[in-house]
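What follows is a set of notes on a single structure, which appears directly below.
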Protein chains: 2
Amino acid sequence: MITGEEIYRDLLKKITELEYMPGDALSENELCAAYKCSRHMVRDAFSRLKEKGLLEVYPHRGSYVSLINLKQIEDILFLREAVETAAVSAIIRETDPGDLPELLAGAIEEQKTASAGAEADLPAYFRADDRFHGILLEKAGRASLYRLLEDEYIHLRRWRNLEIRTTRRIPALIQEHEAIRDAVLHRDAAEASVLLHRHFDTLKFAASVDEGRDNSYFYKNQTEGERK
Amino acid sequence: MITGEEIYRDLLKKITELEYMPGDALSENELCAAYKCSRHMVRDAFSRLKEKGLLEVYPHRGSYVSLINLKQIEDILFLREAVETAAVSAIIRETDPGDLPELLAGAIEEQKTASAGAEADLPAYFRADDRFHGILLEKAGRASLYRLLEDEYIHLRRWRNLEIRTTRRIPALIQEHEAIRDAVLHRDAAEASVLLHRHFDTLKFAASVDEGRDNSYFYKNQTEGERK
DNA sequence: ATGTATATACTTGTCGACAAGTATACAAGA
DNA sequence: TCTTGTATACTTGTCGACAAGTATATACAT
């Protein structure tokens with residue numbers, strides 16, 4: 001027997017990891033046949049996914065995986081920059097380094113090994129990247145805020161999984177992490193702020209340009225739910 | 001005929017405006033009798049409220065309006081400080097004032113008139129307060145981010161409605177707003193950052209101390225859902 | 001009086017059936 | 001050939017009934 005929570009988590013995973021692509025149709029009937037459960041369960045999961053902005057339900061027509069809203073991605077990147085700049089500021093203001101140097105070094109090392117091989121282990125790199133930023137919040141005493149923002153970061157992860165060309169940029173991103181780490185360890189808040197801003201600006205740029213992108217995966221004009 | 005969306009909005013309003021107090025029991029049967037609809041609708045609304053952390057459902061025992069998690073309130077205040085500091089920084093960095101002075105002056109004026117009378121019009125003051133902070137994000141080109149964070153700010157508003165003694169502090173808060181406005185208009189990012197930090201710190205302090213507070217409305221030890 | 005077992009009245013969880021709306025395939029007529 | 005109307009096969013929306021678990025009140029035995 002499968003619980004509604006499990007269905008929700010499974011669908012969430014398949015949407016963020018692009019097993020279901022943006023725009024794909026999801027049928028309640030097909031899914032409840034696949035999970036061997038009643039439609040009620042699937043509908044409950046749909047309701048939650050809809051609430052999170054990952055699914056769009058058109059009554060009597062069908063349900064579709066949400067397209068990616070690049071304006072929203074920019075917003076979330078802006079949010080992360082703001083939160084992490086504040087976290088760094090708090091770290092520098094309030095605490096002594098503690099085990100922060102080792103933790104950041106560990107996360108950076110993990111990023112290097114994950115991206116070093118003949119072909120990069122992208123999931124592992126992304127996990128290490130998340131960990132680098134997570135450490136900053138945790139050491140600022142805001143680990144719970146990181147959990148609170150998980151729902152927003154889901155969109156970020158889905159977009160990241162779609163932007164394959166990120167691969168080329170990984171070495172530069174790691175260098176930026178190292179510079180940020182150095183600034184934090186030198187307790188230079190102004191420098192860290194500038195570096196974080198630059199770091200997220202490169203990401204925001206990736207979210208704004210559309211060089212030969214498959215536009216069927218993105219909303220145009222930042223408007224959602226405009227299916228004719 | 002009432003739609004599920006309406007039930008959800010009504011319950012949300014009654015929870016944030018404390019018509020239903022933290023800890024109150026909400027019965028599916030009673031509500032679907034009150035709304036003259038099937039339990040399905042109420043359950044759907046419950047599901048969304050649960051997802052937002054405003055309702056806790058204990059299977060076969062009952063559903064209760066979530067208590068207020070002060071650690072979470074602090075986190076959201078930290079979040080707001082971070083976002084608005086970044087917004088101010090962006091405003092100063094990228095744009096000329098435009099109509100910003102008039103907008104901020106208007107919001108501050110509205111706060112004064114709402115809090116001036118023999119007894120303050122708290123709802124009006126809160127709306128003007130939200131507007132002041134909303135203007136900052138809007139002028140930084142992040143109006144959509146403000147909407148994105150609405151869900152988090154719901155918790156903030158519920159807490160604010162419960163903290164009656166805020167009233168005494170309103171004149172000081174308005175003064176802080178004026179100081180922030182001045183720093184922004186003088187394009188002094190560092191000063192604005194310090195003032196915002198101080199502004200939110202006074203709020204965070206209000207969320208941390210518990211002088212003669214009715215503790216039945218708050219989680220102890222920052223743990224949720226520990227009903228025995 | 002006190003402890004224990006049982007019945008009862010709640011609670012939320014789950015299901016299958018049917019209602020209602022939409023898009024498509026198809027056939028009939030011009 | 002093109003247009004138009006109709007039947008059909010989908011889609012999601014809604015409902016009432018029943019299942020299952022919990023807490024409380026009650027009767028009974030000690």
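Labels for the structure tokens follow display order: chains A, B, ..., residues from 1 in each chain, ligands from 1.
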### Task
Counting only C-alpha atoms (C1' of nucleotides), collect the residues of chain D whose closest atom lies at most 8 Å from chain A, and write them out as an MDAnalysis selection string.
chainID D and resid 11:13
### Task
Enumerate as a list in words all residues of range 53-156 of chain A assigned to strand (DSSP E) by DSSP on the backbone, naming them with the chain letters and numbers the document uses.
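Filtering range 53-156 of chain A to strand (DSSP E) leaves Leu55, Glu56, Val57, Tyr58, Gly62, Ser63, Tyr64 and Val65 of chain A.
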Store the residues of this selection in a file with C-alpha atoms, as a PDB file, in the first residue's frame.
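Contents of selection.pdb, as written:
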ATOM      1  CA  LEU A  55       1.657  21.760 -11.688  1.00  0.00           C
ATOM      2  CA  GLU A  56      -1.117  23.544 -13.492  1.00  0.00           C
ATOM      3  CA  VAL A  57      -4.584  22.071 -13.447  1.00  0.00           C
ATOM      4  CA  TYR A  58      -7.072  23.059 -16.127  1.00  0.00           C
ATOM      5  CA  GLY A  62      -5.951  18.205 -18.112  1.00  0.00           C
ATOM      6  CA  SER A  63      -3.032  18.788 -15.764  1.00  0.00           C
ATOM      7  CA  TYR A  64       0.388  19.854 -16.962  1.00  0.00           C
ATOM      8  CA  VAL A  65       3.813  20.181 -15.374  1.00  0.00           C
TER       9      VAL A  65
END
### Query
range 69-227 of chain A: which residues are alpha helix (DSSP H) by DSSP, as a VMD selection string?
chain A and resid 70 to 94 100 to 116 122 to 139 143 to 148 150 to 162 166 to 185 189 to 208
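Nearest residue to chain A among B:Arg198, B:Lys52, B:Arg213, B:Lys36 is B:Lys52, counting only C-alpha atoms.
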Can you check which parts of chain A lie within 10 Å of chain B? Per residue, the shortest pair of atoms and distance in Å to one decimal, counting only C-alpha atoms, sorted by chain and number, as JSON lines.
{"residue": "A:Arg43", "atom": "CA", "partner": "B:Asp44", "partner_atom": "CA", "distance": 9.8}
{"residue": "A:Asp44", "atom": "CA", "partner": "B:Asp44", "partner_atom": "CA", "distance": 7.8}
{"residue": "A:Ala45", "atom": "CA", "partner": "B:Ser47", "partner_atom": "CA", "distance": 9.9}
{"residue": "A:Ser47", "atom": "CA", "partner": "B:Arg48", "partner_atom": "CA", "distance": 7.8}
{"residue": "A:Arg48", "atom": "CA", "partner": "B:Arg48", "partner_atom": "CA", "distance": 7.0}
{"residue": "A:Glu51", "atom": "CA", "partner": "B:Arg48", "partner_atom": "CA", "distance": 7.4}
{"residue": "A:Lys52", "atom": "CA", "partner": "B:Glu51", "partner_atom": "CA", "distance": 9.5}
{"residue": "A:Lys71", "atom": "CA", "partner": "B:Ser144", "partner_atom": "CA", "distance": 8.2}
{"residue": "A:Gln72", "atom": "CA", "partner": "B:Leu145", "partner_atom": "CA", "distance": 7.4}
{"residue": "A:Ile73", "atom": "CA", "partner": "B:Leu145", "partner_atom": "CA", "distance": 9.9}
{"residue": "A:Glu74", "atom": "CA", "partner": "B:Leu145", "partner_atom": "CA", "distance": 9.2}
{"residue": "A:Asp75", "atom": "CA", "partner": "B:Leu145", "partner_atom": "CA", "distance": 5.5}
{"residue": "A:Ile76", "atom": "CA", "partner": "B:Leu145", "partner_atom": "CA", "distance": 7.4}
{"residue": "A:Phe78", "atom": "CA", "partner": "B:Val83", "partner_atom": "CA", "distance": 8.1}
{"residue": "A:Leu79", "atom": "CA", "partner": "B:Val83", "partner_atom": "CA", "distance": 6.3}
{"residue": "A:Arg80", "atom": "CA", "partner": "B:Val83", "partner_atom": "CA", "distance": 8.8}
{"residue": "A:Glu81", "atom": "CA", "partner": "B:Ala86", "partner_atom": "CA", "distance": 8.1}
{"residue": "A:Ala82", "atom": "CA", "partner": "B:Ala82", "partner_atom": "CA", "distance": 5.0}
{"residue": "A:Val83", "atom": "CA", "partner": "B:Ala82", "partner_atom": "CA", "distance": 5.2}
{"residue": "A:Glu84", "atom": "CA", "partner": "B:Ala82", "partner_atom": "CA", "distance": 8.1}
{"residue": "A:Thr85", "atom": "CA", "partner": "B:Ala82", "partner_atom": "CA", "distance": 7.4}
{"residue": "A:Ala86", "atom": "CA", "partner": "B:Ala82", "partner_atom": "CA", "distance": 5.4}
{"residue": "A:Ala87", "atom": "CA", "partner": "B:Ala82", "partner_atom": "CA", "distance": 8.4}
{"residue": "A:Ser89", "atom": "CA", "partner": "B:Ala82", "partner_atom": "CA", "distance": 10.0}
{"residue": "A:Gly141", "atom": "CA", "partner": "B:Asp75", "partner_atom": "CA", "distance": 9.3}
{"residue": "A:Arg142", "atom": "CA", "partner": "B:Asp75", "partner_atom": "CA", "distance": 6.7}
{"residue": "A:Ala143", "atom": "CA", "partner": "B:Asp75", "partner_atom": "CA", "distance": 9.2}
{"residue": "A:Ser144", "atom": "CA", "partner": "B:Asp75", "partner_atom": "CA", "distance": 7.3}
{"residue": "A:Leu145", "atom": "CA", "partner": "B:Asp75", "partner_atom": "CA", "distance": 5.5}
{"residue": "A:Tyr146", "atom": "CA", "partner": "B:Asp75", "partner_atom": "CA", "distance": 9.2}
{"residue": "A:Leu148", "atom": "CA", "partner": "B:Gln72", "partner_atom": "CA", "distance": 8.4}
{"residue": "A:Leu149", "atom": "CA", "partner": "B:Glu152", "partner_atom": "CA", "distance": 9.2}
{"residue": "A:Glu152", "atom": "CA", "partner": "B:Leu148", "partner_atom": "CA", "distance": 8.6}
{"residue": "A:Ala190", "atom": "CA", "partner": "B:Ala190", "partner_atom": "CA", "distance": 9.6}
{"residue": "A:His197", "atom": "CA", "partner": "B:Ala86", "partner_atom": "CA", "distance": 9.6}
{"residue": "A:Gln222", "atom": "CA", "partner": "B:Ser144", "partner_atom": "CA", "distance": 9.8}
### Query
Distance C1' of DA19 in chain D-CA of Gly53 in chain B, one decimal place?
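Those two atoms sit 28.0 Å apart.
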### Task
Write out as a ChimeraX atom specification which residues come within 10 Å of DA19 in chain C when counting only C-alpha atoms (C1' of nucleotides), dropping same-chain ones fewer than 2 positions away.
/C:17,21 /D:13-15
Create the file for the chosen residues now, containing N, CA and C atoms (P, O5', C5', C4', C3', O3' and C1' of nucleotides) and written as a PDB file, in the first residue's frame.
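again-v3.pdb written:
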ATOM      1  P    DA C  17     -17.487   1.188  -8.652  1.00  0.00           P
ATOM      2  O5'  DA C  17     -18.527   2.397  -8.743  1.00  0.00           O
ATOM      3  C5'  DA C  17     -19.477   2.561  -7.692  1.00  0.00           C
ATOM      4  C4'  DA C  17     -20.231   3.873  -7.875  1.00  0.00           C
ATOM      5  C3'  DA C  17     -20.669   4.143  -9.326  1.00  0.00           C
ATOM      6  O3'  DA C  17     -22.023   4.564  -9.338  1.00  0.00           O
ATOM      7  C1'  DA C  17     -19.420   5.976  -8.488  1.00  0.00           C
ATOM      8  P    DG C  21     -21.257  21.962 -16.569  1.00  0.00           P
ATOM      9  O5'  DG C  21     -19.907  22.100 -17.419  1.00  0.00           O
ATOM     10  C5'  DG C  21     -18.708  22.364 -16.713  1.00  0.00           C
ATOM     11  C4'  DG C  21     -17.523  21.882 -17.523  1.00  0.00           C
ATOM     12  C3'  DG C  21     -17.460  22.440 -18.945  1.00  0.00           C
ATOM     13  O3'  DG C  21     -16.222  23.075 -19.124  1.00  0.00           O
ATOM     14  C1'  DG C  21     -17.119  20.087 -18.947  1.00  0.00           C
TER      15       DG C  21
ATOM     16  P    DG D  13     -10.230  19.737 -10.903  1.00  0.00           P
ATOM     17  O5'  DG D  13     -11.784  19.430 -10.787  1.00  0.00           O
ATOM     18  C5'  DG D  13     -12.712  20.341 -11.348  1.00  0.00           C
ATOM     19  C4'  DG D  13     -14.100  20.130 -10.746  1.00  0.00           C
ATOM     20  C3'  DG D  13     -14.142  20.182  -9.213  1.00  0.00           C
ATOM     21  O3'  DG D  13     -15.297  20.910  -8.804  1.00  0.00           O
ATOM     22  C1'  DG D  13     -14.958  18.078  -9.971  1.00  0.00           C
ATOM     23  P    DT D  14     -15.533  21.180  -7.215  1.00  0.00           P
ATOM     24  O5'  DT D  14     -16.487  19.986  -6.793  1.00  0.00           O
ATOM     25  C5'  DT D  14     -17.737  19.823  -7.481  1.00  0.00           C
ATOM     26  C4'  DT D  14     -18.472  18.630  -6.904  1.00  0.00           C
ATOM     27  C3'  DT D  14     -18.500  18.556  -5.373  1.00  0.00           C
ATOM     28  O3'  DT D  14     -19.838  18.778  -4.950  1.00  0.00           O
ATOM     29  C1'  DT D  14     -18.046  16.421  -6.376  1.00  0.00           C
ATOM     30  P    DC D  15     -20.154  18.913  -3.378  1.00  0.00           P
ATOM     31  O5'  DC D  15     -20.657  17.450  -3.038  1.00  0.00           O
ATOM     32  C5'  DC D  15     -21.646  16.841  -3.903  1.00  0.00           C
ATOM     33  C4'  DC D  15     -21.719  15.359  -3.645  1.00  0.00           C
ATOM     34  C3'  DC D  15     -21.864  14.972  -2.174  1.00  0.00           C
ATOM     35  O3'  DC D  15     -23.217  14.660  -1.909  1.00  0.00           O
ATOM     36  C1'  DC D  15     -20.360  13.507  -3.396  1.00  0.00           C
TER      37       DC D  15
END
### Query
What are the residues of chain C that have an atom within 12 Å of an atom of chain A, counting only C-alpha atoms (C1' of nucleotides), as an MDAnalysis selection string?
chainID C and resid 13:16 19:23
### Coordinates-based distance that separates CA of Pro123 in chain B from CA of Leu203 in chain B (Å, one decimal)
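These atoms are spaced 17.6 Å apart.
The spacing separating CA of Asn69 in chain B from CA of His155 in chain B amounts to 8.9 Å.
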